[in-house]
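Q: Pasting a structure here, questions to come.
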Amino acid sequence: MSDVQCTYCARRCRLSEGGGGYCGMYAAANGPGGPSIVERYPRRYSSLNVNHIESVPFFHFQPGSRTMVLGGAGCNLDCRYCSNAHLARSEPEPLLVYELAPERVVRLTQQHGCHNIAFAINEPSVAVPTLMDVVDCAAAAGLPVGVLTNGYLPAETARLFGQAFAFVNVSIKGWHDAFYARNTGVPSVKPVLRTLEILAEMTHVEVSTPIVQGLNDDDIPAIAGFIRDLNPLIPWHVFRLLPEYKMADAARPNVDVVNAALDGAREILAFVYFGNFVGSQWVSTRCPQCGSTAVKRINLSGCASKAVAYALTVDHRCAACGADLNISGKAVTWHSEDEGTWAMQPARSA
Ligand code: SF4
């Protein structure tokens, strides 16, 4: 059988019957119409857990909601500082301990009272057919599905994500091709930027950037400018990255230094968040127009944030002045039966 080129991510690996792709998750198969791409481990997951959507992180999609977070194995990047390298760069098969039909994923989501589903532990482009089945099944149940992606995708996969997913967080890890070549195992940031351009036109997007001091903190102004040019209301999550894997000996970023570097970004973007350290003061949503707190969050530990109060209108605008906060979906509560009891102010029309 002849090889086939994988088109799910921008690596475009040649696949044979035995696999051969960088992520280890696809293989070529013979079908009636000729060779095609198949998943090696369809409908398999490494983890399912119920978490706050803020922990994924999404701060502007269904604030306060309970999310069924799915994880698989494999990745198309090889970030030197990765904190999930045990899932991203190991042989996938032993890690994928759950086999779940999409109907079962949706049923578990409903049984746990979740408001949405997010594939967020490893890269979603390495499990596209499995995720598309979940999206179809979840749509029938009225559940939105979202992903966290490194964005290293061809335009066709980016458009597929834009059609399928109700919320997407794209990680821009640095601004220069040289940074990507040196630290992530792929040669260029350009496919990532194109992915964000496509998705910003199609669905709810947020952006994440892990900052390793001395490695990419100088890129903060350029990344902020790129997001501003797309839409200054796109939320930007900046993480103080604690390097692991091949950079386990690297210094941990200084909170004050990184925070000072974000001052310029705060002047051009409405929603700049800074986290991954206990006690962060930069996880709540403040109205860019009147300055009042629209969604109050607390940092539980590391990346884990939780919404505890909100002051929003029924159409998700600032309750104090009616400004657009780029919030998609209704603010809800962890216990949906308690909806509304946690509000700083009752939701009202602008
Ligand atoms: S999804 Fe996997 S197999 Fe396909 S091109 Fe990307 S790394 Fe290669």
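Identifiers in the structure tokens: chain A, B, ... in order shown; residue index from 1 per chain; ligand index from 1 in order shown.
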Name the residues of segment 42-148 of chain A that fall into alpha helix (DSSP H) according to DSSP on the backbone, using the chain letters and numbers of this document, as JSON, numbers by chain.

A: {"A": [85, 86, 87, 88, 102, 103, 104, 105, 106, 107, 108, 109, 110, 111, 128, 129, 130, 131, 132, 133, 134, 135, 136, 137, 138, 139, 140]}

Q: Would you mind listing what lies within 8 Å of Lys246 of chain A as a PyMOL selection string, with only C-alpha atoms counted and same-chain residues fewer than 6 positions away left out?

A: chain A and resi 80-82

Q: Enumerate as number ranges by chain all residues of segment 8-256 of chain A assigned to strand (DSSP E or B) by DSSP on the backbone, naming them with the chain letters and numbers the document uses.

A: A: 14-16, 19, 26-31, 34-39, 44-45, 47-52, 61, 66-71, 98-99, 116-119, 145-149, 167-171, 204-211, 236-240

Q: Distance atom CA of Tyr8 of chain A-atom CA of Leu77 of chain A, one decimal place?

A: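 Distance reported for this atom pair: 13.2 Å.
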
Q: Give the residue list for ligand 1 at 6 Å, counting only C-alpha atoms and all ligand atoms, as a CSV table (one decimal) with C-alpha atoms, in the first residue's frame, sorted by chain and then by residue number.

A:
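Writing the result to result-v1.csv gives the following:
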chain,number,residue,atom,x,y,z
A,6,CYS,CA,-1.7,13.4,6.9
A,7,THR,CA,-3.5,16.7,6.6
A,8,TYR,CA,-4.7,17.1,10.2
A,9,CYS,CA,-1.8,19.3,11.3
A,10,ALA,CA,0.8,21.5,9.6
A,11,ARG,CA,3.5,18.9,10.0
A,12,ARG,CA,1.9,16.9,7.1
A,13,CYS,CA,3.6,13.6,8.0
A,21,GLY,CA,3.4,10.1,12.0
A,22,TYR,CA,5.1,12.3,14.5
A,23,CYS,CA,2.2,12.2,17.0
A,26,TYR,CA,-2.8,8.1,12.8
A,76,ASN,CA,2.4,17.4,17.1
A,125,SER,CA,-5.6,17.8,16.0
A,126,VAL,CA,-4.2,14.3,16.9

Q: Quick check, in Å to one decimal: how far apart do atom CA of Ala311 of chain A and atom CA of Cys290 of chain A lie?

A: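 Separation of atom CA of Ala311 of chain A and atom CA of Cys290 of chain A: 12.6 Å.
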
Q: Could you jot down the atom CA of Leu15 of chain A to atom CA of Pro94 of chain A separation for me, Å, one decimal place?

A: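 Interatomic distance here is 21.2 Å.
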
Q: If you take only C-alpha atoms and a cut-off of 12 Å, which residues of segment 205-255 of chain A touch segment 57-71 of chain A, and what are their nearest atom pairs and distances in Å to one decimal, in chain and number order, as a Markdown table?

A:
| residue | atom | partner | partner_atom | distance |
| --- | --- | --- | --- | --- |
| A:Val205 | CA | A:Phe58 | CA | 8.9 |
| A:Glu206 | CA | A:Phe58 | CA | 6.9 |
| A:Val207 | CA | A:Phe58 | CA | 9.1 |
| A:Ser208 | CA | A:Pro57 | CA | 8.3 |
| A:Thr209 | CA | A:Pro57 | CA | 11.4 |
| A:Leu233 | CA | A:His60 | CA | 10.1 |
| A:Ile234 | CA | A:His60 | CA | 9.0 |
| A:Pro235 | CA | A:His60 | CA | 7.4 |
| A:Trp236 | CA | A:Phe59 | CA | 9.5 |
| A:His237 | CA | A:Pro57 | CA | 7.8 |
| A:Val238 | CA | A:Pro57 | CA | 10.5 |
| A:Phe239 | CA | A:Pro57 | CA | 10.5 |

Q: Do a neighbour search on segment 256-261 of chain A at 10 Å with only C-alpha atoms, toss out local chain neighbours closer than 2 positions, and write the hits as a ChimeraX atom specification.

A: /A:211-213,217-221,238-240,253-254,263-266,273-275,282

Q: Can you spit out the residues from that selection as a CSV table (one decimal), in the first residue's frame, using N, CA and C atoms?

A:
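File produced: again_11.csv:
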chain,number,residue,atom,x,y,z
A,211,ILE,N,4.7,32.0,29.5
A,211,ILE,CA,5.9,32.8,29.5
A,211,ILE,C,7.0,32.2,30.4
A,212,VAL,N,8.2,32.0,29.7
A,212,VAL,CA,9.4,31.5,30.4
A,212,VAL,C,10.3,32.7,30.3
A,213,GLN,N,10.7,33.2,31.5
A,213,GLN,CA,11.5,34.5,31.6
A,213,GLN,C,12.8,34.3,30.9
A,217,ASP,N,9.6,36.4,27.1
A,217,ASP,CA,9.0,37.6,27.7
A,217,ASP,C,9.2,38.8,26.8
A,218,ASP,N,10.2,38.8,26.0
A,218,ASP,CA,10.4,40.0,25.1
A,218,ASP,C,9.4,40.0,23.9
A,219,ASP,N,8.7,38.8,23.8
A,219,ASP,CA,7.7,38.7,22.7
A,219,ASP,C,6.3,39.3,23.1
A,220,ILE,N,6.1,39.7,24.3
A,220,ILE,CA,4.8,40.1,24.8
A,220,ILE,C,4.2,41.2,24.0
A,221,PRO,N,5.0,42.3,23.7
A,221,PRO,CA,4.4,43.4,22.9
A,221,PRO,C,3.9,43.0,21.5
A,238,VAL,N,-2.0,34.9,30.0
A,238,VAL,CA,-0.6,34.8,30.1
A,238,VAL,C,-0.2,34.0,31.4
A,239,PHE,N,0.5,32.9,31.1
A,239,PHE,CA,0.9,32.0,32.2
A,239,PHE,C,2.3,32.2,32.6
A,240,ARG,N,2.5,32.2,33.9
A,240,ARG,CA,3.9,32.1,34.4
A,240,ARG,C,4.2,30.6,34.3
A,253,PRO,N,9.8,31.9,36.3
A,253,PRO,CA,9.7,33.3,36.0
A,253,PRO,C,9.3,34.1,37.3
A,254,ASN,N,9.8,35.3,37.4
A,254,ASN,CA,9.5,36.2,38.5
A,254,ASN,C,8.2,36.9,38.2
A,263,ASP,N,2.3,45.5,31.2
A,263,ASP,CA,1.6,46.8,31.3
A,263,ASP,C,1.2,47.4,29.9
A,264,GLY,N,2.2,47.3,29.0
A,264,GLY,CA,1.9,47.8,27.6
A,264,GLY,C,0.7,47.0,27.0
A,265,ALA,N,0.7,45.7,27.2
A,265,ALA,CA,-0.4,44.9,26.7
A,265,ALA,C,-1.8,45.3,27.2
A,266,ARG,N,-1.8,45.7,28.5
A,266,ARG,CA,-3.1,46.1,29.1
A,266,ARG,C,-3.6,47.4,28.6
A,273,TYR,N,-5.1,38.5,31.3
A,273,TYR,CA,-5.1,37.8,32.6
A,273,TYR,C,-3.7,37.2,32.8
A,274,PHE,N,-3.3,37.1,34.0
A,274,PHE,CA,-2.0,36.6,34.4
A,274,PHE,C,-2.1,35.7,35.5
A,275,GLY,N,-1.7,34.4,35.3
A,275,GLY,CA,-1.9,33.4,36.4
A,275,GLY,C,-0.8,32.4,36.4
A,282,TRP,N,-4.9,38.9,39.0
A,282,TRP,CA,-5.2,39.3,37.6
A,282,TRP,C,-6.0,38.2,36.9
